[in-house]
file my_file_20.cif (mmCIF, C-alpha atoms)
data_final
#
loop_
_atom_site.label_atom_id
_atom_site.label_comp_id
_atom_site.auth_asym_id
_atom_site.auth_seq_id
_atom_site.Cartn_x
_atom_site.Cartn_y
_atom_site.Cartn_z
CA MET R 1 -74.63 -29.59 168.45
CA LYS R 2 -78.11 -30.96 168.00
CA ILE R 3 -80.23 -29.22 170.61
CA ALA R 4 -83.78 -29.70 171.89
CA VAL R 5 -85.41 -26.58 173.35
CA PHE R 6 -88.50 -26.56 175.55
CA GLY R 7 -90.23 -23.31 176.41
CA ALA R 8 -89.13 -22.00 173.03
CA THR R 9 -91.98 -19.50 172.70
CA GLY R 10 -91.20 -17.83 176.02
CA ALA R 11 -89.12 -14.68 176.35
CA THR R 12 -85.96 -16.61 177.30
CA GLY R 13 -86.56 -19.74 175.24
CA ARG R 14 -86.97 -17.79 172.02
CA LEU R 15 -83.59 -16.18 172.58
CA VAL R 16 -82.05 -19.61 173.23
CA VAL R 17 -83.32 -20.71 169.83
CA VAL R 18 -82.00 -17.59 168.11
CA ARG R 19 -78.61 -17.76 169.81
CA ALA R 20 -78.25 -21.48 169.05
CA LEU R 21 -78.96 -20.89 165.37
CA GLU R 22 -76.51 -17.98 165.30
CA ALA R 23 -73.86 -20.29 166.75
CA GLY R 24 -74.43 -22.87 164.01
CA HIS R 25 -76.33 -25.48 166.01
CA GLU R 26 -79.30 -27.54 164.85
CA VAL R 27 -82.42 -26.86 166.92
CA ARG R 28 -85.57 -28.87 167.48
CA ALA R 29 -88.11 -26.84 169.45
CA MET R 30 -91.35 -28.11 170.95
CA VAL R 31 -94.21 -25.59 171.00
CA ARG R 32 -97.95 -25.66 171.54
CA ASP R 33 -98.55 -23.07 168.81
CA SER R 34 -96.09 -22.69 165.94
CA ALA R 35 -97.36 -19.17 165.26
CA ARG R 36 -95.76 -18.09 168.54
CA LEU R 37 -92.30 -18.98 167.22
CA PRO R 38 -92.07 -16.85 164.05
CA ILE R 39 -88.56 -17.98 163.13
CA SER R 40 -87.76 -19.66 159.83
CA HIS R 41 -84.39 -21.35 159.45
CA GLU R 42 -83.09 -24.46 157.70
CA ARG R 43 -81.60 -25.70 160.99
CA LEU R 44 -84.77 -25.14 163.02
CA HIS R 45 -87.31 -27.96 163.27
CA VAL R 46 -90.53 -27.33 165.18
CA VAL R 47 -92.53 -30.03 166.94
CA VAL R 48 -96.09 -28.99 167.77
CA GLY R 49 -97.47 -30.65 170.85
CA GLU R 50 -98.31 -30.51 174.54
CA LEU R 51 -96.01 -31.48 177.39
CA ALA R 52 -98.70 -33.97 178.41
CA ASP R 53 -98.10 -35.79 175.11
CA GLN R 54 -95.13 -37.98 175.99
CA GLY R 55 -94.76 -39.10 172.39
CA ALA R 56 -94.24 -35.50 171.24
CA VAL R 57 -91.73 -34.88 174.02
CA ASP R 58 -89.86 -38.06 173.10
CA ALA R 59 -89.78 -37.01 169.44
CA THR R 60 -88.33 -33.64 170.40
CA VAL R 61 -85.54 -35.18 172.48
CA ASP R 62 -84.69 -38.15 170.26
CA GLY R 63 -81.21 -37.86 168.72
CA ARG R 64 -80.32 -34.61 170.49
CA ASP R 65 -76.92 -33.97 172.07
CA VAL R 66 -78.30 -31.43 174.53
CA VAL R 67 -81.71 -30.67 176.00
CA ILE R 68 -82.41 -27.12 177.24
CA SER R 69 -85.52 -26.26 179.23
CA ALA R 70 -86.60 -22.64 179.57
CA LEU R 71 -90.06 -23.58 180.78
CA ALA R 72 -91.67 -21.02 183.05
CA GLY R 73 -95.45 -21.24 183.03
CA SER R 74 -97.54 -18.72 184.91
CA ALA R 75 -98.49 -18.10 188.52
CA ARG R 76 -101.75 -19.99 187.90
CA GLN R 77 -100.24 -22.78 185.84
CA PRO R 78 -96.62 -23.45 186.81
CA ALA R 79 -95.25 -25.82 184.17
CA CYS R 80 -91.70 -26.59 185.30
CA THR R 81 -92.29 -29.74 187.35
CA ASP R 82 -94.64 -31.52 184.94
CA GLY R 83 -92.60 -30.42 181.95
CA VAL R 84 -89.29 -31.59 183.36
CA ARG R 85 -90.85 -34.87 184.47
CA ALA R 86 -91.81 -35.53 180.85
CA ILE R 87 -88.41 -34.37 179.60
CA LEU R 88 -86.57 -36.70 182.00
CA ALA R 89 -88.70 -39.63 180.85
CA ALA R 90 -87.94 -38.76 177.23
CA MET R 91 -84.22 -38.51 177.89
CA ARG R 92 -84.17 -41.95 179.47
CA ALA R 93 -86.23 -43.40 176.62
CA THR R 94 -83.93 -41.94 173.96
CA SER R 95 -80.57 -42.24 175.80
CA ALA R 96 -80.02 -38.46 175.90
CA VAL R 97 -77.87 -37.42 178.86
CA ARG R 98 -77.09 -33.66 178.83
CA LEU R 99 -79.70 -31.36 180.36
CA LEU R 100 -79.62 -27.64 181.13
CA VAL R 101 -82.59 -26.09 182.93
CA VAL R 102 -83.48 -22.52 183.84
CA SER R 103 -84.61 -22.28 187.45
CA ALA R 104 -84.31 -19.22 189.72
CA HIS R 105 -82.17 -18.03 192.58
CA GLY R 106 -84.05 -18.76 195.78
CA ALA R 107 -85.21 -22.20 194.71
CA ALA R 108 -84.39 -25.37 196.66
CA GLU R 109 -81.24 -25.08 198.79
CA SER R 110 -80.50 -21.57 197.54
CA ARG R 111 -83.48 -20.42 199.61
CA ASP R 112 -82.13 -18.30 202.44
CA HIS R 113 -83.17 -15.27 204.49
CA SER R 114 -81.66 -12.66 202.19
CA PRO R 115 -83.89 -9.75 201.14
CA TYR R 116 -83.87 -10.94 197.52
CA VAL R 117 -85.00 -14.48 198.32
CA MET R 118 -87.58 -13.34 200.87
CA ALA R 119 -89.06 -10.98 198.26
CA VAL R 120 -89.16 -13.46 195.40
CA ARG R 121 -90.57 -16.27 197.58
CA THR R 122 -93.35 -13.90 198.69
CA LEU R 123 -94.21 -12.35 195.34
CA LEU R 124 -93.83 -15.50 193.24
CA SER R 125 -94.60 -18.21 195.77
CA ALA R 126 -96.40 -20.64 193.43
CA LYS R 127 -93.78 -20.34 190.70
CA MET R 128 -90.95 -20.84 193.20
CA ARG R 129 -92.58 -23.94 194.70
CA ASP R 130 -92.85 -25.29 191.16
CA LYS R 131 -89.12 -24.73 190.67
CA ASP R 132 -88.38 -26.39 194.04
CA THR R 133 -90.07 -29.62 192.98
CA MET R 134 -88.57 -29.40 189.48
CA GLU R 135 -85.08 -29.19 190.96
CA THR R 136 -85.76 -32.19 193.22
CA LEU R 137 -86.67 -34.29 190.18
CA ILE R 138 -83.51 -33.24 188.36
CA ARG R 139 -81.21 -33.95 191.29
CA GLN R 140 -82.66 -37.45 191.58
CA ALA R 141 -81.69 -38.11 187.95
CA ASP R 142 -78.17 -39.29 188.70
CA ASP R 143 -77.99 -41.00 185.31
CA LEU R 144 -78.02 -37.61 183.55
CA ARG R 145 -75.47 -34.82 183.15
CA TRP R 146 -77.56 -31.91 184.38
CA THR R 147 -76.98 -28.23 185.07
CA ILE R 148 -79.51 -26.04 186.87
CA VAL R 149 -79.05 -22.32 186.13
CA ARG R 150 -80.35 -19.87 188.74
CA PRO R 151 -80.75 -16.31 187.47
CA PRO R 152 -82.07 -13.36 189.50
CA ALA R 153 -84.45 -10.80 187.94
CA LEU R 154 -84.48 -11.02 184.15
CA THR R 155 -84.42 -8.05 181.78
CA HIS R 156 -84.91 -7.54 178.06
CA SER R 157 -81.56 -5.79 177.58
CA PRO R 158 -79.32 -6.80 174.64
CA ARG R 159 -76.73 -9.55 174.87
CA THR R 160 -73.36 -8.33 176.17
CA GLY R 161 -71.49 -11.60 176.73
CA ARG R 162 -70.25 -10.10 180.00
CA TYR R 163 -71.66 -11.68 183.14
CA ARG R 164 -70.59 -13.39 186.34
CA VAL R 165 -71.32 -17.04 187.05
CA GLY R 166 -70.72 -19.14 190.15
CA THR R 167 -72.38 -21.53 192.57
CA GLU R 168 -71.78 -19.08 195.44
CA LEU R 169 -72.29 -15.83 193.52
CA LYS R 170 -73.94 -13.25 195.77
CA ILE R 171 -77.39 -12.21 194.56
CA THR R 172 -78.94 -8.99 195.90
CA LEU R 173 -82.11 -7.00 195.31
CA ALA R 174 -80.19 -5.06 192.65
CA SER R 175 -78.99 -8.16 190.77
CA ARG R 176 -80.10 -8.50 187.17
CA ILE R 177 -79.27 -10.50 184.06
CA SER R 178 -80.61 -10.03 180.56
CA ARG R 179 -82.49 -12.91 179.00
CA ALA R 180 -80.12 -12.62 176.04
CA ASP R 181 -77.07 -13.13 178.26
CA LEU R 182 -78.80 -15.99 180.06
CA ALA R 183 -79.40 -17.64 176.69
CA ASP R 184 -75.77 -17.03 175.77
CA PHE R 185 -74.59 -18.74 178.95
CA LEU R 186 -76.86 -21.75 178.45
CA LEU R 187 -75.36 -22.34 175.00
CA ARG R 188 -71.80 -21.80 176.25
CA ALA R 189 -72.29 -24.20 179.16
CA ALA R 190 -73.74 -26.77 176.77
CA ALA R 191 -70.88 -26.43 174.30
CA GLU R 192 -68.21 -26.53 177.01
CA ASP R 193 -69.99 -29.22 179.06
CA ALA R 194 -69.55 -26.92 182.06
CA TYR R 195 -71.13 -26.97 185.54
CA VAL R 196 -72.26 -30.60 185.29
CA GLY R 197 -74.10 -31.62 188.46
CA GLN R 198 -74.09 -28.03 189.71
CA ALA R 199 -76.53 -25.13 190.07
CA PRO R 200 -74.65 -21.94 189.15
CA ARG R 201 -76.06 -18.47 189.68
CA ILE R 202 -75.60 -15.80 187.01
CA ALA R 203 -75.72 -12.00 187.15
CA ALA R 204 -74.51 -9.02 185.15
#
call {"tool": "encode", "arguments": {"input": "my_file_20.cif", "output": "structure tokens"}}
result
Amino acid sequence: MKIAVFGATGATGRLVVVRALEAGHEVRAMVRDSARLPISHERLHVVVGELADQGAVDATVDGRDVVISALAGSARQPACTDGVRAILAAMRATSAVRLLVVSAHGAAESRDHSPYVMAVRTLLSAKMRDKDTMETLIRQADDLRWTIVRPPALTHSPRTGRYRVGTELKITLASRISRADLADFLLRAAAEDAYVGQAPRIAA
């Protein structure tokens, strides 16, 4: 596949790039600073630019089979909503249709009164509100084939390839998933065209 990756310098996005290259895909990654993505590969093409530069976002998406967003931002500068807004505009401009986005359990309609969700909505309130509005934008894009992936707490453990996925998967305070396994699932879901129009949860 020809894949566009946003958030490629983040802890999860970098692993998406690595896993995609390992699987034989061609990757175009948009970054603000190329020095933060110290990967050299003949199938990796880096676009340097800001999400506010619609032309750079369009160039990253153009001709891609799949777009993957691992945007996260920070508590002070949540980037998911603005980033996905630009990505959606680029997909419409370039006729791309397949989108996979990393969100979080507890966003949008997965917000409930469970201890996990109450904790994450308290500790990461700004980031979760950013993911809420991001998900609303995606769900309104009925012309696209989207998948929203909702992990619980993320770890830096190695990839195992063994994890549970489901739209009703129970997430608890003890739930975890490694960023490497999350990246693995994103690539698998893209290759298999799985969970289209759904928001699966994932946990080890």
call {"tool": "residues_around", "arguments": {"input": "my_file_20.cif", "residues": "Ser157 of chain R", "least_positions_apart": "3", "cutoff": "9 Å", "atoms": "only C-alpha atoms", "output": "PyMOL selection string"}}
result
chain R and resi 154+160+177-181
call {"tool": "resolve_selection", "arguments": {"input": "my_file_20.cif", "expression": "the PyMOL selection byres ((chain R and resi 89) around 12)", "output": "PyMOL selection string"}}
result
chain R and resi 51-59+61-62+82-88+90-97+137-138+141+143-144
call {"tool": "atom_distance", "arguments": {"input": "my_file_20.cif", "atom1": "atom CA of Val120 of chain R", "atom2": "atom CA of Thr147 of chain R"}}
result
21.8 Å
call {"tool": "atom_distance", "arguments": {"input": "my_file_20.cif", "atom1": "atom CA of Leu44 of chain R", "atom2": "atom CA of Glu26 of chain R"}}
result
6.2 Å
call {"tool": "atom_distance", "arguments": {"input": "my_file_20.cif", "atom1": "atom CA of His105 of chain R", "atom2": "atom CA of Pro151 of chain R"}}
result
5.6 Å
call {"tool": "residues_near_point", "arguments": {"input": "my_file_20.cif", "point": "(-80.4, -29.1, 177.3)", "cutoff": "8 Å", "atoms": "all atoms listed in the file", "output": "PyMOL selection string"}}
result
chain R and resi 3-5+65-69+98-101+190
call {"tool": "closest_residue", "arguments": {"input": "my_file_20.cif", "among": "R:Ala23, R:Val117, R:Val17, R:Leu123", "to": "Ala191 of chain R", "atoms": "all atoms listed in the file"}}
result
R:Ala23
call {"tool": "resolve_selection", "arguments": {"input": "my_file_20.cif", "expression": "the PyMOL selection byres ((chain R and resi 21) around 12)", "output": "number ranges by chain"}}
result
R: 1-5, 14-20, 22-29, 39-45, 183-184, 187
call {"tool": "resolve_selection", "arguments": {"input": "my_file_20.cif", "expression": "the PyMOL selection byres ((chain R and resi 172) around 9)", "output": "list in words"}}
result
Ser114, Pro115, Tyr116, Val117, Pro152, Lys170, Ile171, Leu173, Ala174, Ser175 and Arg176 of chain R
call {"tool": "residues_around", "arguments": {"input": "my_file_20.cif", "residues": "Thr167 of chain R", "least_positions_apart": "5", "cutoff": "7 Å", "atoms": "only C-alpha atoms", "output": "list in words"}}
result
Ala199, Pro200 and Arg201 of chain R
